[in-house]
Amino acid sequence: MRLAIFNAIFIFCCCAWRVLALPDTIFIGGIFDAHDERQELAFRYAVEKINADRKILPRSTLRAQIEKLPADDSFHASKRVCKLLRNGVAAIFGPQSENTANHVQSICDAKEVPHIETRWDYKVTGDVYSVNLYPHPPALSQAYRDILMQLQWKNFVILYDSNDGLVRLQSLLQEKAFSITIRQLNSDGDYRPLLKSIKRSGETCILLDVAQETIFTVLKQAAQIGLMTDYYNYFITSLDFNLIDIEDFRYSSTNITSIQLISPKDAQVQQFVDSWVNGELRHGRSLPLHLRHITTEAALMYDAVHVFAKALDDLDSSSDIEINNELFCESDQTWKHGNSLINYMKWYSSRPYGVGPRPSSPYANMSRYPYYDRLDGLTGLIKFNTEGFRSDFQLDILEVDVKEGLKKVGTWTQVGGANYTRSWAEAVETVETNLHNKTLRVSIALTSPYAMLKENPERLKGNDRYEGFCIDLIDEIAKIRGFNYTFHEVGDKNYGSKDRTTGEWNGIIRELLDHKADLGIVDFTITYEREEAVDFSMPFMNLGISIIYKKAQKKPPNLFSFTSPFSGDVWIYMATAYLGVSVLLFILARMVPEEWDNPYPCIEEPEELENSFTLLNCLWFIIGTFLCQGGDIAPKAVSTRIVAGIWWFFTLIMISSYTANLAAFLTVERMDSPIESAEDLAKQTKIKYGCKKDGSTYSFFRDSNIPTYQRMWAAMSNARPSVFTESNEAGVERVSKSNGMYAFLMESSTIEYVVERKCDLTQIGGLLDSKSYGIALPPGSPYTGPISSAILKLKEDGELHILKTRWWKERKGGGRCVTEESKDAANSAELGIQNVGGVFVVMVAGSVAAIFVACCEFMWKARKLATEEGASFGDELRKELLFIVNCSESSKPVRKKSSPAETDSSSIYDESSSTYG
Ligand code: GLU
């Protein structure tokens, strides 16, 4: 009995389930634009696929009801929707065109039938009965913004064709970090004039937001006018850029970035593509060629049908859904399950997935949380926000690569932003590959020793005509990076300066900006203003501004240079000290008894005492000790010894100082220069000074805030005739010829080169600033990194040092002044008669004085003897002279005085002193 009741209940339940469950055939409607075969095909494929594998809606079969419409025909659209509703469809998919879609939408809203869209729609608020699988435009705009930020775009042009484009890019346009120019493509298909004007404007980054079928034409025309070179960057907003034939652009080294929603490498996508292309689901009928590629919208349609089917399947297991009720547009009848179905679709996709244990797990039944699968389609995770717009989607970031064509380099997600998966090394490798075997145009200006013409350049061709430090440097870099190069001289011979009024650049910088050159090399100073306009490599040389001027004249040698160690004052003080100490010794010696001696020691008790320190003896003693010769007499008393000791100490110090200083004075050349520094130049007006016109030195003084340099700038800019020169060579020439009346402000590296060769010139003072030379490249050049790292390598390997030595010290007359200087140095080590002649003069003068004094004494003695002996002065003089010239006589008889009464102390002295030998 109990079993019978149980069976009855089971049969009743089964019958009830049969009544309330989904019908065997579920109709779904698709409205497609007449020309859009691909959408229709995707829709049919999705239906066939679901019906074929029976995993979703296993007990029902989906039946596609398709209506085709001319685009924008809203009248017919309404009629077709009503027709579908009459047939009892459970949902309507499409159409793609905006006007018809809005009509379909409003009818679906009224009839409460889910409307599933896969088109770009800028609406901010969604409709109740609608979900849209196409990524929501604000989210896409955020993706563009994030990627452009990563690409470090700051200024760019947006090229768009329809006004929808501007709506699409609205949030990008509001971003303050970007400076954006907007240009609309005309409709006649010739975009060249517009592209040319972009080229002229110097913009290098272009965001292309145009219809899929226009992308190729725009890129092709851009290539024709030279907008597809290494220096241009494109960002293409189309989600189907992978369908464009990029073969023509792949080798241009242009940076082309795009995004995609479907990843062709994804297994599910590949499987779908295979079955699509092989016509597997079309019972072996293969697809016509033009339909073989899968567009994003087609993939979205495929996903849309799957999302609907999955939601219906899930909802069916939890509630009773009744379909197949015919709805008439004219009546106010609605489908009662439409609301639950569309809400379930929105909720279903946004619920957290993977919460409970997997259904295959043994714990599946024990958990109170169900396990939810991710709802993944061909277009990735499918998730709607409450408005029914697609959220949390993921985009692949693509770049055109020489080797691989279109290559995935990163991903974008709403939460994580743009993430490049490509490593730095890979990015560098890509650029290096692009550079390999490329021929770069190198702009140079002729300046020694950086870039010079070889002797007889007319006999040579191309790069062979040039030589110099920069020429060798480029050659070394090219060897490392494997590129070729051609040199050309810049037309206006300028390095690059900005016109203050027009803001236009000239010289090498102009060529780089116009992409007429790929590299600019010369003694190119890296300045803030230039760095704003172009890119610079790592510096290859460091320097600063200094002054080149005529070498100081040597002072003519001074005959009395031996007096130089002491100043005139010191000599006077010394003479005074000498006299003072002599007199002091004389007085002290007279005062102290120890200095009074017995003149004849054999007389024991003398009647007279004698003092050796007469004034003359004192003077003699003091000078003798001063000249380190000692004296015959020696002090005996303590006081006189103290005086002598102190004098000797004084002598010791003075003589040592004199000797030390004398050596320095006689060997070191004294130079006589009117200027020693920039301050000296600024202070005076006699010597003119200038620099190379429009160079970095010129800008340094023009823009300086330092008072000294401001004064110098005022003096330079007001000077007439002009003190500025066209080149450094002209400046150096002017210094050479000016005879010390012109100084030239130039960079130390070039000064170093000049003073090695022009021995009459020299650097004055230190450096006024500190800066470097670098290789200039067009703004945004991809080759800045590889060139910089090659320079670093050359620096580390010592190659740059070798190059500098070669061009500064060896070639083109290098080292000449060093040889002359060393000769001079050798010469200056010897002292010439000019240096020590004064000592001879003093000696001769002393000898002459001695002769004069001796003559005076001789005549005085002769006159005295003549008086004493009553002889004539002449006879006496002759007698004495005869005796002197008779050199064989070495003894002289004593001349006796005529009477003792006449004897005086002097005659006693005379007798004793007149006996020699
Ligand atoms: N190196 C300088 C420049 O790049 C030129 C020479 C100078 O101004 O002293 O402009």
# chains A, B, ... in the order shown; residues from 1 in each chain; ligands from 1
$ closest_atom_pairs --of "chain A" --to "ligand 1" --cutoff "10 Å" --atoms "only C-alpha atoms and all ligand atoms" --output "CSV"
residue,atom,partner,partner_atom_place_in_ligand_line,distance
A:Thr447,CA,ligand 1,5 (C),9.3
A:Asn494,CA,ligand 1,10 (O),8.2
A:Tyr495,CA,ligand 1,10 (O),5.8
A:Gly496,CA,ligand 1,10 (O),7.0
A:Ser497,CA,ligand 1,10 (O),7.8
A:Ile521,CA,ligand 1,4 (O),9.8
A:Val522,CA,ligand 1,4 (O),7.7
A:Asp523,CA,ligand 1,1 (N),4.7
A:Phe524,CA,ligand 1,4 (O),3.8
A:Thr525,CA,ligand 1,4 (O),3.9
A:Ile526,CA,ligand 1,4 (O),7.1
A:Thr527,CA,ligand 1,4 (O),8.2
A:Arg530,CA,ligand 1,4 (O),9.5
A:Leu543,CA,ligand 1,1 (N),9.6
A:Gly544,CA,ligand 1,9 (O),9.1
A:Ile545,CA,ligand 1,9 (O),7.1
A:Ser546,CA,ligand 1,9 (O),9.1
A:Cys691,CA,ligand 1,9 (O),6.5
A:Lys692,CA,ligand 1,8 (O),5.3
A:Lys693,CA,ligand 1,8 (O),7.1
A:Asp694,CA,ligand 1,10 (O),6.8
A:Gly695,CA,ligand 1,10 (O),3.4
A:Ser696,CA,ligand 1,10 (O),4.0
A:Thr697,CA,ligand 1,8 (O),3.9
A:Tyr698,CA,ligand 1,8 (O),5.8
A:Ser699,CA,ligand 1,8 (O),7.7
A:Phe700,CA,ligand 1,8 (O),8.5
A:Glu726,CA,ligand 1,6 (C),9.9
A:Ser727,CA,ligand 1,6 (C),7.6
A:Asn728,CA,ligand 1,6 (C),6.5
A:Gly731,CA,ligand 1,9 (O),9.9
A:Phe744,CA,ligand 1,9 (O),9.3
A:Leu745,CA,ligand 1,9 (O),6.9
A:Met746,CA,ligand 1,9 (O),4.5
A:Glu747,CA,ligand 1,9 (O),5.0
A:Ser748,CA,ligand 1,9 (O),8.8
A:Ser749,CA,ligand 1,1 (N),9.5
A:Thr750,CA,ligand 1,9 (O),8.4
A:Ile751,CA,ligand 1,9 (O),9.8
A:Lys771,CA,ligand 1,1 (N),9.7
A:Ser772,CA,ligand 1,1 (N),8.8
A:Tyr773,CA,ligand 1,1 (N),7.3
A:Gly774,CA,ligand 1,4 (O),9.3
$ select_by_dssp --residues "range 17-139 of chain A" --states "strand (DSSP E)" --output "MDAnalysis selection string"
chainID A and resid 25:33 61:69 92:93 115:117 130:135
$ residues_around --residues "range 483-493 of chain A" --least-positions-apart "6" --cutoff "8 Å" --atoms "only C-alpha atoms" --output "compact mmCIF listing (two decimals) with all heavy atoms, in the first residue's frame"
# COMPACT_ATOMS: atom_id res chain seq x y z
N LEU A 435 67.21 47.62 -35.14
CA LEU A 435 68.36 48.47 -35.47
C LEU A 435 69.38 47.73 -36.35
O LEU A 435 70.08 48.33 -37.16
CB LEU A 435 69.00 48.93 -34.15
CG LEU A 435 70.15 49.91 -34.21
CD1 LEU A 435 69.76 51.15 -34.97
CD2 LEU A 435 70.59 50.30 -32.80
N HIS A 436 69.40 46.42 -36.17
CA HIS A 436 70.39 45.61 -36.88
C HIS A 436 70.23 45.77 -38.39
O HIS A 436 69.12 45.68 -38.92
CB HIS A 436 70.22 44.15 -36.47
CG HIS A 436 71.47 43.38 -36.62
ND1 HIS A 436 72.47 43.43 -35.68
CD2 HIS A 436 71.90 42.57 -37.60
CE1 HIS A 436 73.45 42.67 -36.09
NE2 HIS A 436 73.14 42.14 -37.25
N ASN A 437 71.35 46.04 -39.05
CA ASN A 437 71.40 46.17 -40.52
C ASN A 437 70.66 47.38 -41.08
O ASN A 437 70.52 47.53 -42.27
CB ASN A 437 70.88 44.91 -41.22
CG ASN A 437 71.90 43.82 -41.14
OD1 ASN A 437 73.09 44.10 -40.97
ND2 ASN A 437 71.45 42.59 -41.24
N LYS A 438 70.16 48.20 -40.21
CA LYS A 438 69.49 49.42 -40.64
C LYS A 438 70.56 50.44 -41.03
O LYS A 438 71.67 50.40 -40.50
CB LYS A 438 68.68 49.96 -39.45
CG LYS A 438 67.34 50.46 -39.86
CD LYS A 438 66.57 50.98 -38.69
CE LYS A 438 65.42 51.73 -39.24
NZ LYS A 438 64.34 50.90 -39.70
N THR A 439 70.24 51.35 -41.94
CA THR A 439 71.21 52.41 -42.27
C THR A 439 70.72 53.71 -41.67
O THR A 439 69.65 54.21 -42.04
CB THR A 439 71.37 52.53 -43.79
OG1 THR A 439 71.79 51.27 -44.28
CG2 THR A 439 72.40 53.59 -44.15
N LEU A 440 71.47 54.19 -40.71
CA LEU A 440 71.07 55.43 -40.02
C LEU A 440 71.73 56.63 -40.69
O LEU A 440 72.90 56.57 -41.09
CB LEU A 440 71.46 55.38 -38.54
CG LEU A 440 70.85 54.27 -37.70
CD1 LEU A 440 71.23 54.44 -36.24
CD2 LEU A 440 69.34 54.23 -37.83
N ARG A 441 70.98 57.72 -40.78
CA ARG A 441 71.53 58.96 -41.36
C ARG A 441 72.08 59.80 -40.22
O ARG A 441 71.34 60.13 -39.29
CB ARG A 441 70.44 59.73 -42.10
CG ARG A 441 69.88 58.98 -43.30
CD ARG A 441 68.46 59.36 -43.57
NE ARG A 441 67.62 59.15 -42.40
CZ ARG A 441 66.43 59.71 -42.24
NH1 ARG A 441 65.94 60.49 -43.15
NH2 ARG A 441 65.72 59.49 -41.14
N VAL A 442 73.38 60.09 -40.28
CA VAL A 442 74.03 60.80 -39.18
C VAL A 442 74.36 62.22 -39.62
O VAL A 442 75.11 62.42 -40.58
CB VAL A 442 75.31 60.08 -38.72
CG1 VAL A 442 75.88 60.73 -37.49
CG2 VAL A 442 75.03 58.61 -38.47
N SER A 443 73.83 63.18 -38.91
CA SER A 443 74.08 64.58 -39.24
C SER A 443 75.28 65.08 -38.42
O SER A 443 75.33 64.87 -37.20
CB SER A 443 72.83 65.38 -38.90
OG SER A 443 72.99 66.70 -39.26
N ILE A 444 76.23 65.72 -39.11
CA ILE A 444 77.42 66.22 -38.40
C ILE A 444 77.67 67.68 -38.80
O ILE A 444 77.13 68.16 -39.78
CB ILE A 444 78.69 65.39 -38.75
CG1 ILE A 444 78.87 65.29 -40.28
CG2 ILE A 444 78.65 64.03 -38.13
CD1 ILE A 444 80.21 64.73 -40.71
N ALA A 445 78.47 68.37 -38.02
CA ALA A 445 78.94 69.71 -38.39
C ALA A 445 80.46 69.66 -38.26
O ALA A 445 80.98 69.01 -37.35
CB ALA A 445 78.36 70.74 -37.45
N LEU A 446 81.14 70.33 -39.18
CA LEU A 446 82.61 70.21 -39.18
C LEU A 446 83.22 71.04 -38.06
O LEU A 446 83.15 72.26 -38.07
CB LEU A 446 83.17 70.65 -40.53
CG LEU A 446 82.76 69.77 -41.72
CD1 LEU A 446 83.38 70.27 -43.00
CD2 LEU A 446 83.13 68.30 -41.47
N GLY A 462 81.64 59.63 -49.89
CA GLY A 462 80.79 59.21 -48.77
C GLY A 462 81.45 59.39 -47.42
O GLY A 462 82.10 60.40 -47.15
N ASN A 463 81.30 58.38 -46.58
CA ASN A 463 81.80 58.46 -45.21
C ASN A 463 83.32 58.60 -45.14
O ASN A 463 83.84 59.11 -44.16
CB ASN A 463 81.40 57.20 -44.43
CG ASN A 463 79.90 57.13 -44.22
OD1 ASN A 463 79.21 58.11 -44.46
ND2 ASN A 463 79.43 55.99 -43.78
N ASN A 506 66.88 75.31 -35.36
CA ASN A 506 67.68 75.22 -36.58
C ASN A 506 68.72 74.11 -36.42
O ASN A 506 68.71 73.38 -35.44
CB ASN A 506 68.33 76.58 -36.92
CG ASN A 506 69.34 77.00 -35.85
OD1 ASN A 506 69.68 76.22 -34.97
ND2 ASN A 506 69.81 78.23 -35.91
N GLY A 507 69.60 74.03 -37.42
CA GLY A 507 70.75 73.11 -37.32
C GLY A 507 70.38 71.64 -37.27
O GLY A 507 69.38 71.19 -37.83
N ILE A 508 71.23 70.91 -36.55
CA ILE A 508 71.06 69.45 -36.48
C ILE A 508 69.72 69.10 -35.82
O ILE A 508 69.03 68.17 -36.23
CB ILE A 508 72.25 68.83 -35.71
CG1 ILE A 508 73.55 69.05 -36.49
CG2 ILE A 508 72.03 67.35 -35.48
CD1 ILE A 508 74.79 68.54 -35.83
N GLU A 511 66.97 69.06 -38.26
CA GLU A 511 67.00 67.85 -39.09
C GLU A 511 66.43 66.64 -38.35
O GLU A 511 65.73 65.82 -38.92
CB GLU A 511 68.43 67.53 -39.54
CG GLU A 511 68.93 68.52 -40.56
CD GLU A 511 70.11 67.98 -41.34
OE1 GLU A 511 70.61 66.90 -41.02
OE2 GLU A 511 70.53 68.68 -42.28
$ closest_residue --among "A:Gly785, A:Val113, A:Ser340, A:Ile56" --to "Ala427 in chain A" --atoms "only C-alpha atoms"
A:Gly785
$ closest_residue --among "A:Ala143, A:Ala311, A:Ala552, A:Val754" --to "Phe235 in chain A" --atoms "only C-alpha atoms"
A:Ala143
$ residues_around --residues "Pro264 in chain A" --least-positions-apart "6" --cutoff "10 Å" --atoms "only C-alpha atoms" --output "PyMOL selection string"
chain A and resi 242+270-273+294+378
$ write_last_selection --atoms "C-alpha atoms" --output "PDB file, in the first residue's frame"
ATOM      1  CA  ASN A 242      44.424  41.159 -35.919  1.00  0.00           C
ATOM      2  CA  GLN A 270      41.277  27.736 -31.538  1.00  0.00           C
ATOM      3  CA  GLN A 271      38.753  24.929 -31.395  1.00  0.00           C
ATOM      4  CA  PHE A 272      36.010  27.301 -32.402  1.00  0.00           C
ATOM      5  CA  VAL A 273      38.101  28.761 -35.221  1.00  0.00           C
ATOM      6  CA  ILE A 294      36.197  35.637 -36.761  1.00  0.00           C
ATOM      7  CA  LEU A 378      35.429  33.077 -26.619  1.00  0.00           C
TER       8      LEU A 378
END
$ residues_around --residues "Gly468 in chain A" --least-positions-apart "3" --cutoff "6 Å" --atoms "only C-alpha atoms" --output "ChimeraX atom specification"
/A:449-452,471
$ residues_around --residues "range 24-41 of chain A" --least-positions-apart "5" --cutoff "7 Å" --atoms "only C-alpha atoms" --output "CSV table (one decimal) with all heavy atoms, in the first residue's frame"
chain,number,residue,atom,x,y,z
A,59,ARG,N,17.6,18.5,-22.6
A,59,ARG,CA,16.3,18.0,-23.1
A,59,ARG,C,15.6,18.8,-24.1
A,59,ARG,O,14.5,18.5,-24.5
A,59,ARG,CB,15.4,17.7,-21.8
A,59,ARG,CG,15.9,16.6,-20.9
A,59,ARG,CD,15.1,16.5,-19.7
A,59,ARG,NE,15.2,17.7,-18.9
A,59,ARG,CZ,16.2,18.0,-18.1
A,59,ARG,NH1,17.1,17.1,-17.9
A,59,ARG,NH2,16.2,19.1,-17.4
A,60,SER,N,16.2,19.9,-24.4
A,60,SER,CA,15.5,20.8,-25.4
A,60,SER,C,16.5,21.1,-26.6
A,60,SER,O,17.7,20.9,-26.5
A,60,SER,CB,15.2,22.1,-24.7
A,60,SER,OG,14.5,21.9,-23.6
A,61,THR,N,15.9,21.5,-27.6
A,61,THR,CA,16.6,21.9,-28.8
A,61,THR,C,16.4,23.4,-29.1
A,61,THR,O,15.2,23.8,-29.1
A,61,THR,CB,16.2,21.1,-30.0
A,61,THR,OG1,16.2,19.7,-29.7
A,61,THR,CG2,17.0,21.4,-31.3
A,62,LEU,N,17.4,24.1,-29.4
A,62,LEU,CA,17.3,25.5,-29.7
A,62,LEU,C,16.9,25.6,-31.2
A,62,LEU,O,17.5,24.9,-32.0
A,62,LEU,CB,18.6,26.3,-29.4
A,62,LEU,CG,18.9,26.6,-27.9
A,62,LEU,CD1,20.2,27.4,-27.9
A,62,LEU,CD2,17.8,27.3,-27.2
A,63,ARG,N,16.1,26.5,-31.5
A,63,ARG,CA,15.8,26.7,-32.9
A,63,ARG,C,15.9,28.2,-33.2
A,63,ARG,O,15.3,29.0,-32.5
A,63,ARG,CB,14.3,26.2,-33.2
A,63,ARG,CG,13.8,26.4,-34.5
A,63,ARG,CD,14.2,25.4,-35.6
A,63,ARG,NE,13.8,24.0,-35.2
A,63,ARG,CZ,12.6,23.6,-35.5
A,63,ARG,NH1,11.7,24.4,-36.1
A,63,ARG,NH2,12.2,22.4,-35.2
A,64,ALA,N,16.8,28.5,-34.2
A,64,ALA,CA,17.1,29.9,-34.5
A,64,ALA,C,16.0,30.4,-35.5
A,64,ALA,O,15.7,29.8,-36.5
A,64,ALA,CB,18.4,30.0,-35.1
A,65,GLN,N,15.5,31.5,-35.1
A,65,GLN,CA,14.5,32.2,-36.0
A,65,GLN,C,15.2,33.5,-36.5
A,65,GLN,O,15.4,34.4,-35.7
A,65,GLN,CB,13.2,32.6,-35.2
A,65,GLN,CG,12.5,31.4,-34.6
A,65,GLN,CD,11.3,31.0,-35.4
A,65,GLN,OE1,10.4,31.8,-35.5
A,65,GLN,NE2,11.3,29.8,-35.9
A,66,ILE,N,15.5,33.6,-37.7
A,66,ILE,CA,16.3,34.7,-38.2
A,66,ILE,C,15.5,35.7,-39.1
A,66,ILE,O,14.8,35.3,-39.9
A,66,ILE,CB,17.6,34.2,-38.9
A,66,ILE,CG1,18.4,33.5,-37.8
A,66,ILE,CG2,18.3,35.3,-39.6
A,66,ILE,CD1,19.6,32.8,-38.3
A,67,GLU,N,15.7,36.9,-38.8
A,67,GLU,CA,15.1,38.0,-39.6
A,67,GLU,C,16.3,38.9,-40.0
A,67,GLU,O,17.1,39.3,-39.2
A,67,GLU,CB,14.2,38.8,-38.7
A,67,GLU,CG,12.9,38.0,-38.3
A,67,GLU,CD,12.0,37.6,-39.4
A,67,GLU,OE1,12.1,38.3,-40.5
A,67,GLU,OE2,11.3,36.6,-39.3
A,68,LYS,N,16.2,39.3,-41.3
A,68,LYS,CA,17.3,40.1,-41.8
A,68,LYS,C,16.7,41.5,-42.2
A,68,LYS,O,15.6,41.5,-42.7
A,68,LYS,CB,17.9,39.5,-43.0
A,68,LYS,CG,18.6,38.2,-42.7
A,68,LYS,CD,19.5,37.7,-43.6
A,68,LYS,CE,20.9,37.9,-43.3
A,68,LYS,NZ,21.9,37.7,-44.2
A,69,LEU,N,17.5,42.5,-41.9
A,69,LEU,CA,16.9,43.8,-42.1
A,69,LEU,C,17.9,44.7,-42.9
A,69,LEU,O,19.1,44.6,-42.7
A,69,LEU,CB,16.8,44.5,-40.7
A,69,LEU,CG,15.7,44.2,-39.8
A,69,LEU,CD1,15.9,45.0,-38.5
A,69,LEU,CD2,14.4,44.7,-40.4
A,70,PRO,N,17.4,45.6,-43.7
A,70,PRO,CA,18.3,46.6,-44.2
A,70,PRO,C,18.7,47.5,-43.0
A,70,PRO,O,17.9,47.7,-42.1
A,70,PRO,CB,17.5,47.4,-45.2
A,70,PRO,CG,16.1,46.9,-45.2
A,70,PRO,CD,16.0,45.8,-44.1
A,71,ALA,N,20.0,47.9,-43.0
A,71,ALA,CA,20.5,48.7,-41.8
A,71,ALA,C,19.6,49.9,-41.7
A,71,ALA,O,19.2,50.5,-42.6
A,71,ALA,CB,21.9,49.1,-42.0
A,84,LEU,N,8.6,37.7,-34.7
A,84,LEU,CA,9.4,36.7,-33.8
A,84,LEU,C,8.6,36.5,-32.5
A,84,LEU,O,8.5,35.3,-32.1
A,84,LEU,CB,10.8,37.3,-33.5
A,84,LEU,CG,11.8,37.3,-34.7
A,84,LEU,CD1,13.1,38.0,-34.2
A,84,LEU,CD2,12.1,35.9,-35.1
A,88,GLY,N,6.8,33.0,-30.5
A,88,GLY,CA,7.1,32.5,-29.1
A,88,GLY,C,8.6,32.4,-28.8
A,88,GLY,O,9.0,31.4,-28.3
A,89,VAL,N,9.4,33.4,-29.2
A,89,VAL,CA,10.8,33.3,-29.0
A,89,VAL,C,11.1,33.6,-27.5
A,89,VAL,O,10.4,34.4,-26.9
A,89,VAL,CB,11.6,34.2,-29.9
A,89,VAL,CG1,11.6,33.8,-31.3
A,89,VAL,CG2,11.2,35.7,-29.7
A,90,ALA,N,12.2,33.0,-27.0
A,90,ALA,CA,12.5,33.2,-25.6
A,90,ALA,C,13.5,34.3,-25.4
A,90,ALA,O,13.7,34.8,-24.3
A,90,ALA,CB,13.2,31.9,-25.0
A,91,ALA,N,14.1,34.8,-26.5
A,91,ALA,CA,15.0,35.9,-26.4
A,91,ALA,C,15.3,36.4,-27.8
A,91,ALA,O,15.1,35.7,-28.8
A,91,ALA,CB,16.3,35.5,-25.8
A,92,ILE,N,15.7,37.7,-27.9
A,92,ILE,CA,16.0,38.2,-29.3
A,92,ILE,C,17.4,38.7,-29.2
A,92,ILE,O,17.8,39.4,-28.3
A,92,ILE,CB,15.0,39.4,-29.6
A,92,ILE,CG1,13.6,38.8,-29.9
A,92,ILE,CG2,15.5,40.1,-30.9
A,92,ILE,CD1,12.6,39.7,-30.3
A,93,PHE,N,18.2,38.3,-30.2
A,93,PHE,CA,19.6,38.7,-30.3
A,93,PHE,C,19.8,39.7,-31.5
A,93,PHE,O,19.1,39.5,-32.5
A,93,PHE,CB,20.5,37.5,-30.6
A,93,PHE,CG,20.5,36.5,-29.5
A,93,PHE,CD1,19.4,35.6,-29.4
A,93,PHE,CD2,21.5,36.4,-28.6
A,93,PHE,CE1,19.4,34.7,-28.3
A,93,PHE,CE2,21.5,35.5,-27.6
A,93,PHE,CZ,20.4,34.6,-27.4
A,94,GLY,N,20.6,40.7,-31.3
A,94,GLY,CA,20.8,41.7,-32.4
A,94,GLY,C,19.7,42.7,-32.4
A,94,GLY,O,18.8,42.7,-31.5
A,95,PRO,N,19.7,43.6,-33.4
A,95,PRO,CA,20.7,43.7,-34.5
A,95,PRO,C,21.9,44.6,-34.1
A,95,PRO,O,21.9,45.1,-32.9
A,95,PRO,CB,19.8,44.4,-35.6
A,95,PRO,CG,18.9,45.3,-34.8
A,95,PRO,CD,18.6,44.6,-33.5
A,96,GLN,N,22.8,44.9,-35.0
A,96,GLN,CA,24.0,45.7,-34.7
A,96,GLN,C,23.8,47.2,-34.9
A,96,GLN,O,24.5,47.9,-34.2
A,96,GLN,CB,25.2,45.2,-35.6
A,96,GLN,CG,25.5,43.7,-35.4
A,96,GLN,CD,25.9,43.4,-34.0
A,96,GLN,OE1,25.1,42.9,-33.2
A,96,GLN,NE2,27.1,43.6,-33.6
A,291,LEU,N,34.5,35.0,-45.1
A,291,LEU,CA,33.8,34.9,-43.8
A,291,LEU,C,34.7,34.0,-42.8
A,291,LEU,O,34.3,33.7,-41.7
A,291,LEU,CB,32.5,34.2,-44.0
A,291,LEU,CG,31.4,35.0,-44.6
A,291,LEU,CD1,30.1,34.2,-44.8
A,291,LEU,CD2,31.1,36.3,-43.8
A,298,ALA,N,31.3,38.7,-33.9
A,298,ALA,CA,30.8,37.4,-34.2
A,298,ALA,C,31.1,36.5,-33.0
A,298,ALA,O,30.2,35.7,-32.6
A,298,ALA,CB,31.5,36.8,-35.4
A,301,MET,N,28.6,37.3,-30.4
A,301,MET,CA,27.3,36.7,-30.7
A,301,MET,C,27.2,35.2,-30.3
A,301,MET,O,26.3,34.7,-29.7
A,301,MET,CB,27.0,36.8,-32.2
A,301,MET,CG,25.6,36.3,-32.6
A,301,MET,SD,24.3,37.0,-31.7
A,301,MET,CE,24.1,38.6,-32.4
$ atom_distance --atom1 "CA of Gln629 in chain A" --atom2 "CA of Leu652 in chain A"
12.3 Å
$ residues_around --residues "Glu752 in chain A" --least-positions-apart "5" --cutoff "12 Å" --atoms "only C-alpha atoms" --output "NGL selection string"
:A and (448-449 or 543-548 or 746-747 or 757-759 or 761-764 or 804-805 or 807-809 or 814-815 or 817-818)
$ closest_residue --among "A:Val732, A:Met574, A:Ile50, A:Ala101" --to "Lys310 in chain A" --atoms "only C-alpha atoms"
A:Ile50
$ closest_residue --among "A:Phe43, A:Pro58, A:Asn558, A:Asn718" --to "Ser317 in chain A" --atoms "only C-alpha atoms"
A:Pro58
$ select_by_dssp --residues "range 162-403 of chain A" --states "alpha helix (DSSP H)" --output "number ranges by chain"
A: 163-168, 170-173, 192-201, 212-224, 247-250, 267-278, 296-318, 338-350
$ closest_residue --among "A:Arg292, A:Lys892, A:Lys498, A:His115" --to "Glu531 in chain A" --atoms "only C-alpha atoms"
A:Lys498
$ atom_distance --atom1 "CA of Val305 in chain A" --atom2 "CA of Ala46 in chain A"
6.1 Å
